[in-house]
Amino acid sequence: MKLPTLREVGTEAKLLLIGIPVFIWTMIPIYHMFVFAISPKEDAFTGKLWPTHPTLHNFSIVFHQQHYFLRDFWIQFWNSAVIALAVGALTLFVATAAAFSISRLRVPGGRVVMNMALFTYFIPAAFLAVPMYRTMGTYGLLNNHWSLILAMVTIAAPYAIWVLKQASDKLPVELDEAATMDGATTLQLFRLVYVPLMMPSLVAVGTYAILLAWNEYLYAFLLLSKDTDITLPVALGNFLAADDSPWELLMTTGFIYALPPAAVYYAFKRYMVGGLTAGAVKS
Amino acid sequence: MAITLSASDVPSPPLSARLSPPQIWGIALLAPYLLVFLAFVVYPVGYGLWLARHPSSYVALYNDPIFARAAVNTLIFLVIGINIKMLIALFLSGFFAQQRPWIRWLSVIFILPWAVPSIPTILSVRFMLNPEWGVVNQLIFKFTGDDGPNWLNDPAVALAMAIGVHIWKSLPFWTLILLTGRLAIPHDLYEASDVDGANWWQKFRYITWPSMQTLYITCTLLSMIWTLGDFNSVYLLTGGGPADLTHVLSTLGIRYLRLDQLSLAMASIVCAMPFVLPLVYYMMKRLSR
């Protein structure tokens, strides 16, 4: 075996000098949360880097809803899940139909719609939240899950349409022509040719919309208020209202809340990285 | 019903006779999005602008010291925060471009802040910085015997921390984007420059930067637009405090909303438009090609 030269050792050392701080920087807030989650109450505030008696007791308290702040944990978890899935499904439906119409059927005015959608995509969501809140009130949807679902579809759809349009522009026109020659109706073309070919992009877009909705805080906190209606992130924010909030339980709940999206993200990383991020700013 | 509604948006005059079945389908399939767009974008935005029509709202904003402070904070957040973030991202994209197994593993971990929701991690940082029980001040006390500062009680420090949280969250995303740009540069360019004896700065200056500058600038602008909407980093870390000195425009709008001053909220957003719209226009031109 050849020994590494001094120069190689030097390069490796320099890389480590970058890599170690990057690792520590990335992990600190997550590790801090994790330590809180596995610390018993009396250990949580001693500033130890690892608890003397690590325990899963906090998780058991959360899962059994044995605290005032957690009495609606499961229903809030359920709310988050239902809303996220509904947003995913609705966004997929709205965006696939629109992208098919704009890109494959070349509907008149499609380009204008695409530009309007892109415009919405670039307007900061926090700015739209202010008039959206009032509008939901006008529609009588405040404190109703539909308000959050529809708001999130509004925010997720533009990017979804754009990604799907980019992908479907790449499908050869001859496919549609051949299918039409064989007597396929437009709807059959959509169902039997378009959707199967677009599967990877559809998975990416659906995942994007689900994660967006699951992670949303601002809209959820504006549009929903009853303890049994709110989603998990709003419940986490409400912990802060009290002076005596049980941090270790808050961090445990936060940890549980963060796990599903992280798992989904890593499971679909292939789609997320290739399909979405690169497309967002292609030069 | 849906068909007539969306068809009215299409500028071709005699509709019913000229449209082929695929085009009718096209309009029908576009209708769901158009409905969403009309009901939840056009109407709210129009209504909001209508609310913000009175000059008196702008006078009130002008006289509100919190608004001036929020505007300055937003500028600091965008101009300083984003540029620091993008420079680090540019640097780290070079680091992650190195082919090493451990660097590949590190990149999987590095993406975590982007993959997990921001609320629990921001709250985690907030607890770390708690003056009495937070781990930061505990450690300061352990090693120096002194009480640490009350981090979030100093507006400058609190804003810096909010920027830090923002960078923590979105740095992985931009590093990843810049990394894809960097990996697209043909490798023989670097090999040829090695033969010519170029140092790392010359390689960066004459190979990496020219191929990445458009991407870099686009990313910076896009990040600025999105950061304008970053409500969580400030709201959940500082809540706009102390004494409403760390608000940015996005949290200020929500603050006015909660105080039931909707016209002020809309006016503060309208004030950001001269800055936002050119950026949006530039991004749309890039993306709709």
# chains A, B, ... in the order shown; residues from 1 in each chain; ligands from 1
$ residues_around --residues "Ala89 of chain A" --least-positions-apart "5" --cutoff "9 Å" --atoms "only C-alpha atoms" --output "tab-separated table (two decimals) with N, CA and C atoms, in the first residue's frame"
chain	number	residue	atom	x	y	z
A	84	ALA	N	-52.34	17.87	4.42
A	84	ALA	CA	-51.21	17.70	3.50
A	84	ALA	C	-51.60	16.80	2.34
A	94	VAL	N	-55.22	19.75	-10.23
A	94	VAL	CA	-55.29	21.07	-10.87
A	94	VAL	C	-54.10	21.28	-11.80
A	206	GLY	N	-46.29	15.97	-6.49
A	206	GLY	CA	-47.15	15.58	-5.37
A	206	GLY	C	-46.39	15.65	-4.05
A	209	ALA	N	-45.93	19.27	-2.99
A	209	ALA	CA	-47.12	19.90	-2.43
A	209	ALA	C	-47.42	19.38	-1.02
A	210	ILE	N	-47.23	18.08	-0.83
A	210	ILE	CA	-47.50	17.50	0.49
A	210	ILE	C	-46.56	18.08	1.54
$ interface_residues --of "chain B" --to "chain A" --cutoff "7 Å" --atoms "only C-alpha atoms" --output "PyMOL selection string"
chain B and resi 10+22-23+26-27+29-30+32-33+36-37+40+44-45+48+110+113+115-117+119-121+124-125+133+135+138-139+177+214-215+218-219+225-226+228-229+231+250+253-254+257+269+280+284
$ write_last_selection --atoms "C-alpha atoms" --output "PDB file, in the first residue's frame"
ATOM      1  CA  VAL B  10     -59.510  33.848 -24.053  1.00  0.00           C
ATOM      2  CA  PRO B  22     -59.368  19.158 -28.085  1.00  0.00           C
ATOM      3  CA  GLN B  23     -59.505  22.880 -27.541  1.00  0.00           C
ATOM      4  CA  GLY B  26     -58.128  22.288 -23.138  1.00  0.00           C
ATOM      5  CA  ILE B  27     -60.292  25.033 -21.729  1.00  0.00           C
ATOM      6  CA  LEU B  29     -58.893  21.252 -18.091  1.00  0.00           C
ATOM      7  CA  LEU B  30     -57.500  24.711 -17.530  1.00  0.00           C
ATOM      8  CA  PRO B  32     -59.841  24.328 -12.269  1.00  0.00           C
ATOM      9  CA  TYR B  33     -56.639  26.303 -12.052  1.00  0.00           C
ATOM     10  CA  VAL B  36     -58.365  28.803  -8.025  1.00  0.00           C
ATOM     11  CA  PHE B  37     -56.440  31.710  -9.492  1.00  0.00           C
ATOM     12  CA  PHE B  40     -57.634  33.073  -4.310  1.00  0.00           C
ATOM     13  CA  PRO B  44     -57.703  38.898  -2.723  1.00  0.00           C
ATOM     14  CA  VAL B  45     -55.011  40.947  -4.434  1.00  0.00           C
ATOM     15  CA  GLY B  48     -56.158  44.259  -0.926  1.00  0.00           C
ATOM     16  CA  PHE B 110     -25.997  18.752   5.227  1.00  0.00           C
ATOM     17  CA  PRO B 113     -32.070  21.655   7.648  1.00  0.00           C
ATOM     18  CA  ALA B 115     -35.606  18.573   4.698  1.00  0.00           C
ATOM     19  CA  VAL B 116     -37.046  19.143   8.172  1.00  0.00           C
ATOM     20  CA  PRO B 117     -39.804  21.672   8.889  1.00  0.00           C
ATOM     21  CA  ILE B 119     -40.805  25.427  13.164  1.00  0.00           C
ATOM     22  CA  PRO B 120     -39.258  22.883  15.562  1.00  0.00           C
ATOM     23  CA  THR B 121     -35.702  23.803  14.639  1.00  0.00           C
ATOM     24  CA  SER B 124     -34.884  24.748  19.286  1.00  0.00           C
ATOM     25  CA  VAL B 125     -32.583  27.695  18.523  1.00  0.00           C
ATOM     26  CA  TRP B 133     -31.974  28.010  30.851  1.00  0.00           C
ATOM     27  CA  VAL B 135     -27.634  25.741  26.663  1.00  0.00           C
ATOM     28  CA  GLN B 138     -25.267  27.466  30.552  1.00  0.00           C
ATOM     29  CA  LEU B 139     -22.025  26.697  28.768  1.00  0.00           C
ATOM     30  CA  ILE B 177     -28.281  24.383  -6.797  1.00  0.00           C
ATOM     31  CA  THR B 214     -25.606  33.900 -14.405  1.00  0.00           C
ATOM     32  CA  LEU B 215     -26.759  31.074 -12.171  1.00  0.00           C
ATOM     33  CA  THR B 218     -30.326  34.397 -10.607  1.00  0.00           C
ATOM     34  CA  CYS B 219     -30.115  32.456  -7.358  1.00  0.00           C
ATOM     35  CA  ILE B 225     -37.724  37.527  -3.380  1.00  0.00           C
ATOM     36  CA  TRP B 226     -38.358  34.442  -1.287  1.00  0.00           C
ATOM     37  CA  LEU B 228     -39.089  38.779   1.704  1.00  0.00           C
ATOM     38  CA  GLY B 229     -41.715  36.168   2.500  1.00  0.00           C
ATOM     39  CA  PHE B 231     -42.064  34.976   8.134  1.00  0.00           C
ATOM     40  CA  SER B 250     -43.559  40.075   6.263  1.00  0.00           C
ATOM     41  CA  GLY B 253     -47.889  42.926   7.655  1.00  0.00           C
ATOM     42  CA  ILE B 254     -49.151  40.139   9.888  1.00  0.00           C
ATOM     43  CA  LEU B 257     -53.423  42.276  10.351  1.00  0.00           C
ATOM     44  CA  ILE B 269     -46.899  45.450   1.268  1.00  0.00           C
ATOM     45  CA  VAL B 280     -40.335  39.226 -10.324  1.00  0.00           C
ATOM     46  CA  MET B 284     -40.373  35.540 -15.106  1.00  0.00           C
TER      47      MET B 284
END
$ atom_distance --atom1 "atom CA of Ile149 of chain A" --atom2 "atom CA of Val87 of chain A"
5.5 Å
$ atom_distance --atom1 "atom CA of Ala267 of chain B" --atom2 "atom CA of Ser57 of chain B"
6.4 Å
$ residues_around --residues "Trp200 of chain B" --least-positions-apart "6" --cutoff "12 Å" --atoms "only C-alpha atoms" --output "list of chain:residue names"
B:Gly94, B:Tyr190, B:Ser193, B:Asp194, B:Tyr206, B:Ile207, B:Thr208, B:Trp209
$ write_last_selection --atoms "C-alpha atoms" --output "CSV table (one decimal), in the first residue's frame"
chain,number,residue,atom,x,y,z
B,94,GLY,CA,-16.8,23.9,-4.3
B,190,TYR,CA,-9.6,22.3,-15.1
B,193,SER,CA,-5.5,24.8,-16.6
B,194,ASP,CA,-3.5,22.4,-14.3
B,206,TYR,CA,-11.3,32.3,-15.3
B,207,ILE,CA,-13.2,29.0,-15.4
B,208,THR,CA,-15.7,28.6,-12.5
B,209,TRP,CA,-17.0,32.1,-12.1
$ atom_distance --atom1 "atom CA of Leu70 of chain A" --atom2 "atom CA of Ala220 of chain A"
18.0 Å
$ select_by_dssp --residues "segment 26-241 of chain B" --states "helix (DSSP H, G or I)" --output "PyMOL selection string"
chain B and resi 26-51+55-63+65-96+101-110+112-115+118-128+135-144+151-153+155-183+187-195+200-228+232-237
$ residues_around --residues "Ser211 of chain B" --least-positions-apart "3" --cutoff "12 Å" --atoms "only C-alpha atoms" --output "ChimeraX atom specification"
/A:283 /B:178,180-186,189,203-208,214-217
